[in-house]
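A.B. asks: To be precise about what I am sending: the file is called target12.pdb and holds PDB, C-alpha atoms.
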MODEL        1
ATOM      1  CA  MET A   1      -5.119 -10.245  12.782  1.00  0.00           C
ATOM      2  CA  ASP A   2      -4.367 -12.712  10.010  1.00  0.00           C
ATOM      3  CA  TYR A   3      -7.825 -13.992   9.114  1.00  0.00           C
ATOM      4  CA  ASN A   4      -6.307 -16.693   6.895  1.00  0.00           C
ATOM      5  CA  LYS A   5      -4.680 -18.220   9.978  1.00  0.00           C
ATOM      6  CA  ALA A   6      -7.601 -17.512  12.306  1.00  0.00           C
ATOM      7  CA  ALA A   7     -10.194 -19.183  10.064  1.00  0.00           C
ATOM      8  CA  PRO A   8      -8.331 -21.377   7.573  1.00  0.00           C
ATOM      9  CA  GLN A   9     -11.302 -23.635   6.764  1.00  0.00           C
ATOM     10  CA  ALA A  10     -13.513 -20.654   5.959  1.00  0.00           C
ATOM     11  CA  MET A  11     -10.858 -19.039   3.790  1.00  0.00           C
ATOM     12  CA  LYS A  12     -10.314 -22.366   2.028  1.00  0.00           C
ATOM     13  CA  ALA A  13     -14.053 -22.480   1.302  1.00  0.00           C
ATOM     14  CA  LEU A  14     -13.948 -18.957  -0.143  1.00  0.00           C
ATOM     15  CA  GLY A  15     -10.922 -20.026  -2.177  1.00  0.00           C
ATOM     16  CA  ALA A  16     -12.936 -22.930  -3.595  1.00  0.00           C
ATOM     17  CA  VAL A  17     -15.637 -20.500  -4.723  1.00  0.00           C
ATOM     18  CA  TYR A  18     -12.923 -18.284  -6.238  1.00  0.00           C
ATOM     19  CA  GLY A  19     -11.669 -21.333  -8.149  1.00  0.00           C
ATOM     20  CA  TYR A  20     -15.199 -22.145  -9.308  1.00  0.00           C
ATOM     21  CA  VAL A  21     -15.662 -18.617 -10.644  1.00  0.00           C
ATOM     22  CA  ALA A  22     -12.287 -18.756 -12.414  1.00  0.00           C
ATOM     23  CA  ASP A  23     -13.369 -22.002 -14.130  1.00  0.00           C
ATOM     24  CA  SER A  24     -16.947 -20.860 -14.814  1.00  0.00           C
ATOM     25  CA  GLY A  25     -16.351 -19.917 -18.431  1.00  0.00           C
ATOM     26  CA  LEU A  26     -16.671 -16.180 -17.869  1.00  0.00           C
ATOM     27  CA  PRO A  27     -13.705 -14.316 -19.382  1.00  0.00           C
ATOM     28  CA  LYS A  28     -10.939 -13.566 -16.871  1.00  0.00           C
ATOM     29  CA  ARG A  29     -10.837  -9.887 -17.795  1.00  0.00           C
ATOM     30  CA  LEU A  30     -14.600  -9.558 -17.234  1.00  0.00           C
ATOM     31  CA  ILE A  31     -14.347 -11.239 -13.829  1.00  0.00           C
ATOM     32  CA  ASP A  32     -11.362  -9.111 -12.830  1.00  0.00           C
ATOM     33  CA  LEU A  33     -13.180  -5.935 -13.910  1.00  0.00           C
ATOM     34  CA  ALA A  34     -16.164  -6.932 -11.772  1.00  0.00           C
ATOM     35  CA  TYR A  35     -13.864  -7.719  -8.830  1.00  0.00           C
ATOM     36  CA  LEU A  36     -12.133  -4.356  -9.222  1.00  0.00           C
ATOM     37  CA  ARG A  37     -15.398  -2.419  -9.501  1.00  0.00           C
ATOM     38  CA  VAL A  38     -16.790  -4.100  -6.362  1.00  0.00           C
ATOM     39  CA  SER A  39     -13.570  -3.328  -4.502  1.00  0.00           C
ATOM     40  CA  GLN A  40     -13.677   0.309  -5.635  1.00  0.00           C
ATOM     41  CA  ILE A  41     -17.235   0.691  -4.381  1.00  0.00           C
ATOM     42  CA  ASN A  42     -16.306  -0.853  -1.030  1.00  0.00           C
ATOM     43  CA  GLY A  43     -13.057   1.093  -0.744  1.00  0.00           C
ATOM     44  CA  CYS A  44     -10.866  -1.973  -0.291  1.00  0.00           C
ATOM     45  CA  ALA A  45      -7.286  -0.846  -0.994  1.00  0.00           C
ATOM     46  CA  TYR A  46      -5.914  -4.382  -0.658  1.00  0.00           C
ATOM     47  CA  CYS A  47      -8.283  -5.758  -3.309  1.00  0.00           C
ATOM     48  CA  ILE A  48      -8.083  -2.694  -5.584  1.00  0.00           C
ATOM     49  CA  ASP A  49      -4.315  -3.126  -5.635  1.00  0.00           C
ATOM     50  CA  MET A  50      -4.525  -6.872  -6.288  1.00  0.00           C
ATOM     51  CA  HIS A  51      -7.126  -6.735  -9.058  1.00  0.00           C
ATOM     52  CA  SER A  52      -5.476  -3.761 -10.730  1.00  0.00           C
ATOM     53  CA  ARG A  53      -2.248  -5.750 -10.876  1.00  0.00           C
ATOM     54  CA  ASP A  54      -4.142  -8.782 -12.245  1.00  0.00           C
ATOM     55  CA  LEU A  55      -5.691  -6.673 -14.998  1.00  0.00           C
ATOM     56  CA  ILE A  56      -2.378  -5.044 -15.923  1.00  0.00           C
ATOM     57  CA  GLN A  57      -0.693  -8.456 -15.976  1.00  0.00           C
ATOM     58  CA  GLY A  58      -3.503  -9.628 -18.282  1.00  0.00           C
ATOM     59  CA  GLY A  59      -2.690  -6.827 -20.717  1.00  0.00           C
ATOM     60  CA  LEU A  60      -5.160  -4.112 -19.731  1.00  0.00           C
ATOM     61  CA  ALA A  61      -3.721  -0.692 -20.551  1.00  0.00           C
ATOM     62  CA  ILE A  62      -3.205   1.718 -17.663  1.00  0.00           C
ATOM     63  CA  GLU A  63      -5.323   4.262 -19.580  1.00  0.00           C
ATOM     64  CA  THR A  64      -8.209   1.794 -19.467  1.00  0.00           C
ATOM     65  CA  LEU A  65      -7.606   0.726 -15.869  1.00  0.00           C
ATOM     66  CA  VAL A  66      -7.870   4.256 -14.514  1.00  0.00           C
ATOM     67  CA  LEU A  67     -11.307   4.617 -16.122  1.00  0.00           C
ATOM     68  CA  VAL A  68     -12.877   1.551 -14.515  1.00  0.00           C
ATOM     69  CA  GLN A  69     -14.404   3.723 -11.803  1.00  0.00           C
ATOM     70  CA  THR A  70     -16.096   5.829 -14.488  1.00  0.00           C
ATOM     71  CA  TRP A  71     -16.685   3.001 -16.960  1.00  0.00           C
ATOM     72  CA  HIS A  72     -20.007   4.476 -18.077  1.00  0.00           C
ATOM     73  CA  GLU A  73     -18.113   7.475 -19.509  1.00  0.00           C
ATOM     74  CA  ALA A  74     -15.298   5.433 -21.083  1.00  0.00           C
ATOM     75  CA  GLY A  75     -16.938   4.770 -24.437  1.00  0.00           C
ATOM     76  CA  ALA A  76     -15.577   1.811 -26.376  1.00  0.00           C
ATOM     77  CA  LEU A  77     -12.777   1.030 -23.893  1.00  0.00           C
ATOM     78  CA  PHE A  78     -15.095  -1.608 -22.431  1.00  0.00           C
ATOM     79  CA  ASP A  79     -17.255  -3.940 -24.491  1.00  0.00           C
ATOM     80  CA  ASP A  80     -20.986  -4.491 -23.928  1.00  0.00           C
ATOM     81  CA  ARG A  81     -20.481  -7.494 -21.645  1.00  0.00           C
ATOM     82  CA  GLU A  82     -17.859  -5.712 -19.541  1.00  0.00           C
ATOM     83  CA  ARG A  83     -20.105  -2.659 -19.136  1.00  0.00           C
ATOM     84  CA  ALA A  84     -23.022  -4.921 -18.204  1.00  0.00           C
ATOM     85  CA  ALA A  85     -20.842  -6.775 -15.678  1.00  0.00           C
ATOM     86  CA  MET A  86     -19.714  -3.542 -14.027  1.00  0.00           C
ATOM     87  CA  ALA A  87     -23.290  -2.208 -13.925  1.00  0.00           C
ATOM     88  CA  TRP A  88     -24.448  -5.478 -12.356  1.00  0.00           C
ATOM     89  CA  ALA A  89     -21.537  -5.346  -9.890  1.00  0.00           C
ATOM     90  CA  GLU A  90     -22.651  -1.886  -8.815  1.00  0.00           C
ATOM     91  CA  THR A  91     -26.325  -2.701  -8.267  1.00  0.00           C
ATOM     92  CA  VAL A  92     -25.639  -6.022  -6.516  1.00  0.00           C
ATOM     93  CA  THR A  93     -22.879  -4.591  -4.301  1.00  0.00           C
ATOM     94  CA  GLN A  94     -25.169  -1.748  -3.258  1.00  0.00           C
ATOM     95  CA  VAL A  95     -28.181  -4.039  -2.740  1.00  0.00           C
ATOM     96  CA  ALA A  96     -29.147  -2.326   0.540  1.00  0.00           C
ATOM     97  CA  GLN A  97     -29.731   0.885  -1.410  1.00  0.00           C
ATOM     98  CA  THR A  98     -30.730  -0.435  -4.844  1.00  0.00           C
ATOM     99  CA  HIS A  99     -32.732  -3.550  -3.981  1.00  0.00           C
ATOM    100  CA  VAL A 100     -31.615  -4.618  -7.496  1.00  0.00           C
ATOM    101  CA  PRO A 101     -34.308  -2.996  -9.627  1.00  0.00           C
ATOM    102  CA  GLN A 102     -36.078  -5.113 -12.218  1.00  0.00           C
ATOM    103  CA  ALA A 103     -34.652  -2.901 -14.973  1.00  0.00           C
ATOM    104  CA  ASP A 104     -31.104  -3.671 -13.777  1.00  0.00           C
ATOM    105  CA  TYR A 105     -31.850  -7.386 -13.722  1.00  0.00           C
ATOM    106  CA  ASP A 106     -33.444  -7.233 -17.179  1.00  0.00           C
ATOM    107  CA  ALA A 107     -30.409  -5.385 -18.574  1.00  0.00           C
ATOM    108  CA  ALA A 108     -27.983  -7.963 -17.162  1.00  0.00           C
ATOM    109  CA  ALA A 109     -30.157 -10.902 -18.229  1.00  0.00           C
ATOM    110  CA  HIS A 110     -30.258  -9.485 -21.752  1.00  0.00           C
ATOM    111  CA  VAL A 111     -26.455  -9.743 -21.986  1.00  0.00           C
ATOM    112  CA  PHE A 112     -25.741 -12.863 -19.932  1.00  0.00           C
ATOM    113  CA  GLY A 113     -27.261 -16.334 -19.998  1.00  0.00           C
ATOM    114  CA  GLU A 114     -28.736 -17.772 -16.796  1.00  0.00           C
ATOM    115  CA  LYS A 115     -25.586 -19.641 -15.749  1.00  0.00           C
ATOM    116  CA  GLU A 116     -23.356 -16.691 -16.632  1.00  0.00           C
ATOM    117  CA  LEU A 117     -25.491 -14.301 -14.593  1.00  0.00           C
ATOM    118  CA  ALA A 118     -25.589 -16.688 -11.641  1.00  0.00           C
ATOM    119  CA  ASP A 119     -21.805 -17.117 -11.837  1.00  0.00           C
ATOM    120  CA  LEU A 120     -21.232 -13.367 -12.155  1.00  0.00           C
ATOM    121  CA  THR A 121     -23.493 -12.704  -9.175  1.00  0.00           C
ATOM    122  CA  LEU A 122     -21.593 -15.325  -7.186  1.00  0.00           C
ATOM    123  CA  ALA A 123     -18.321 -13.597  -8.135  1.00  0.00           C
ATOM    124  CA  ILE A 124     -19.713 -10.248  -6.973  1.00  0.00           C
ATOM    125  CA  GLY A 125     -20.901 -11.733  -3.675  1.00  0.00           C
ATOM    126  CA  LEU A 126     -17.544 -13.433  -3.190  1.00  0.00           C
ATOM    127  CA  MET A 127     -15.628 -10.203  -3.731  1.00  0.00           C
ATOM    128  CA  ASN A 128     -17.910  -8.410  -1.312  1.00  0.00           C
ATOM    129  CA  ALA A 129     -17.039 -11.087   1.285  1.00  0.00           C
ATOM    130  CA  TYR A 130     -13.303 -10.770   0.580  1.00  0.00           C
ATOM    131  CA  ASN A 131     -13.549  -6.957   0.787  1.00  0.00           C
ATOM    132  CA  ARG A 132     -15.215  -7.164   4.164  1.00  0.00           C
ATOM    133  CA  MET A 133     -12.496  -9.462   5.486  1.00  0.00           C
ATOM    134  CA  ALA A 134      -9.634  -7.346   4.117  1.00  0.00           C
ATOM    135  CA  ILE A 135     -11.109  -4.026   5.269  1.00  0.00           C
ATOM    136  CA  SER A 136     -12.191  -5.278   8.693  1.00  0.00           C
ATOM    137  CA  PHE A 137      -8.835  -6.834   9.489  1.00  0.00           C
ATOM    138  CA  ARG A 138      -6.714  -4.084   7.928  1.00  0.00           C
ATOM    139  CA  ALA A 139      -5.074  -6.058   5.128  1.00  0.00           C
ATOM    140  CA  LYS A 140      -2.359  -3.936   3.551  1.00  0.00           C
ATOM    141  CA  ALA A 141      -2.193  -3.334  -0.183  1.00  0.00           C
ATOM    142  CA  ALA A 142       1.036  -4.629  -1.717  1.00  0.00           C
ATOM    143  CA  ALA A 143       1.862  -1.113  -2.943  1.00  0.00           C
ATOM    144  CA  ALA A 144       1.501   0.265   0.601  1.00  0.00           C
ATOM    145  CA  VAL A 145       3.679  -2.486   2.074  1.00  0.00           C
ATOM    146  CA  LYS A 146       6.462  -1.697  -0.413  1.00  0.00           C
ATOM    147  CA  ALA A 147       6.312   2.039   0.320  1.00  0.00           C
TER     148      ALA A 147
ENDMDL
END
Let me see the file written as structure tokens.
C.D. replies:
Amino acid sequence: MDYNKAAPQAMKALGAVYGYVADSGLPKRLIDLAYLRVSQINGCAYCIDMHSRDLIQGGLAIETLVLVQTWHEAGALFDDRERAAMAWAETVTQVAQTHVPQADYDAAAHVFGEKELADLTLAIGLMNAYNRMAISFRAKAAAAVKA
């Protein structure tokens, strides 16, 4: 099923939130890293493919891209804000298991201002919604379509 055609108003609303996040003032690379990390956790091939391509197009080296999943072991490849964004993406995406511990919130709030953290959390929630749509309705990754 093409969920964009089945629910165009809803997808337009999600697109508006996507636009808001893009214009929020958070760096594009940081947002794309958070989107990719959420998509990795959820196992969304369509979104992993898309956000990997976005990051490569934005100049991220392949050597850095392949270490997003293990960012905590990647040393200086990611700056403090990027590491904090990926940590926050993990705890928020896995909220059913983590319940977002106070220590995780405190760590994120130490790095991001209130608006930034709200915007980042919105971005994480948005990507979780997109992942659920793409996975549920079997969206194909561009790389898989070309194969």
A.B. asks: Can you tell me which residues surround range 40-43 of chain A at a distance of at most 12 Å, considering only C-alpha atoms, apart from same-chain residues fewer than 6 positions away, and format the answer as a count of residues only?
C.D. replies: 33
A.B. asks: Using all atoms listed in the file, can you tell me which of A:Ala107, A:Ala139, A:Gln97, A:Arg81 comes closest to Leu26 in chain A?
C.D. replies: A:Arg81
A.B. asks: Here is a test: counting all atoms listed in the file, which residue of A:Leu30, A:Ala84, A:Val17, A:Val145 is nearest to Ala109 in chain A?
C.D. replies: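 Of A:Leu30, A:Ala84, A:Val17, A:Val145, the one nearest Ala109 in chain A, counting all atoms listed in the file, is A:Ala84.
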A.B. asks: Of the candidates A:Leu117, A:Met1, A:Ala144, A:Leu126, which shows the shortest atom-to-atom distance to Gly25 in chain A, using all atoms listed in the file?
C.D. replies: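 Looking only at the distances to Gly25 in chain A, the closest residue turns out to be A:Leu117.
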A.B. asks: Please report, as lines of an AutoDock Vina configuration file, the centre and edge lengths in Å to one decimal of an axis-aligned box covering all listed atoms of range 81-85 of chain A with 5 Å per side.
C.D. replies:
center_x = -20.4
center_y = -5.1
center_z = -18.7
size_x = 15.2
size_y = 14.8
size_z = 16.0
A.B. asks: Tell me, in Å to one decimal, how far CA of Gly58 in chain A is from CA of Met11 in chain A.
C.D. replies: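 Result for CA of Gly58 in chain A versus CA of Met11 in chain A: 25.1 Å, one decimal.
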A.B. asks: Taking the file as shown, find all residues satisfying the PyMOL selection byres ((chain A and resi 21) around 9) and write them as number ranges by chain.
C.D. replies: A: 16-20, 22-26, 31, 119-120, 122-123
A.B. asks: Between A:Phe137, A:Asp104, A:Arg37, A:His99, which residue has the minimum interatomic distance to Trp71 in chain A, considering only C-alpha atoms?
C.D. replies: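 Using only C-alpha atoms, Trp71 in chain A sits closest to A:Arg37.
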A.B. asks: Provide the CA of Arg83 in chain A to CA of Ala45 in chain A distance in Å, to one decimal place.
C.D. replies: 22.3 Å
A.B. asks: Go through A:Ala85, A:Ala108, A:Leu60, A:Ala103 and flag the residue nearest His72 in chain A, using only C-alpha atoms for the distances.
C.D. replies: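 That would be A:Ala85, the residue with the smallest distance to His72 in chain A.
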A.B. asks: For the atom pair CA of Asp79 in chain A and CA of Arg53 in chain A, what is the interatomic distance in Å to one decimal place?
C.D. replies: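 About the pair CA of Asp79 in chain A and CA of Arg53 in chain A: they are 20.3 Å apart.
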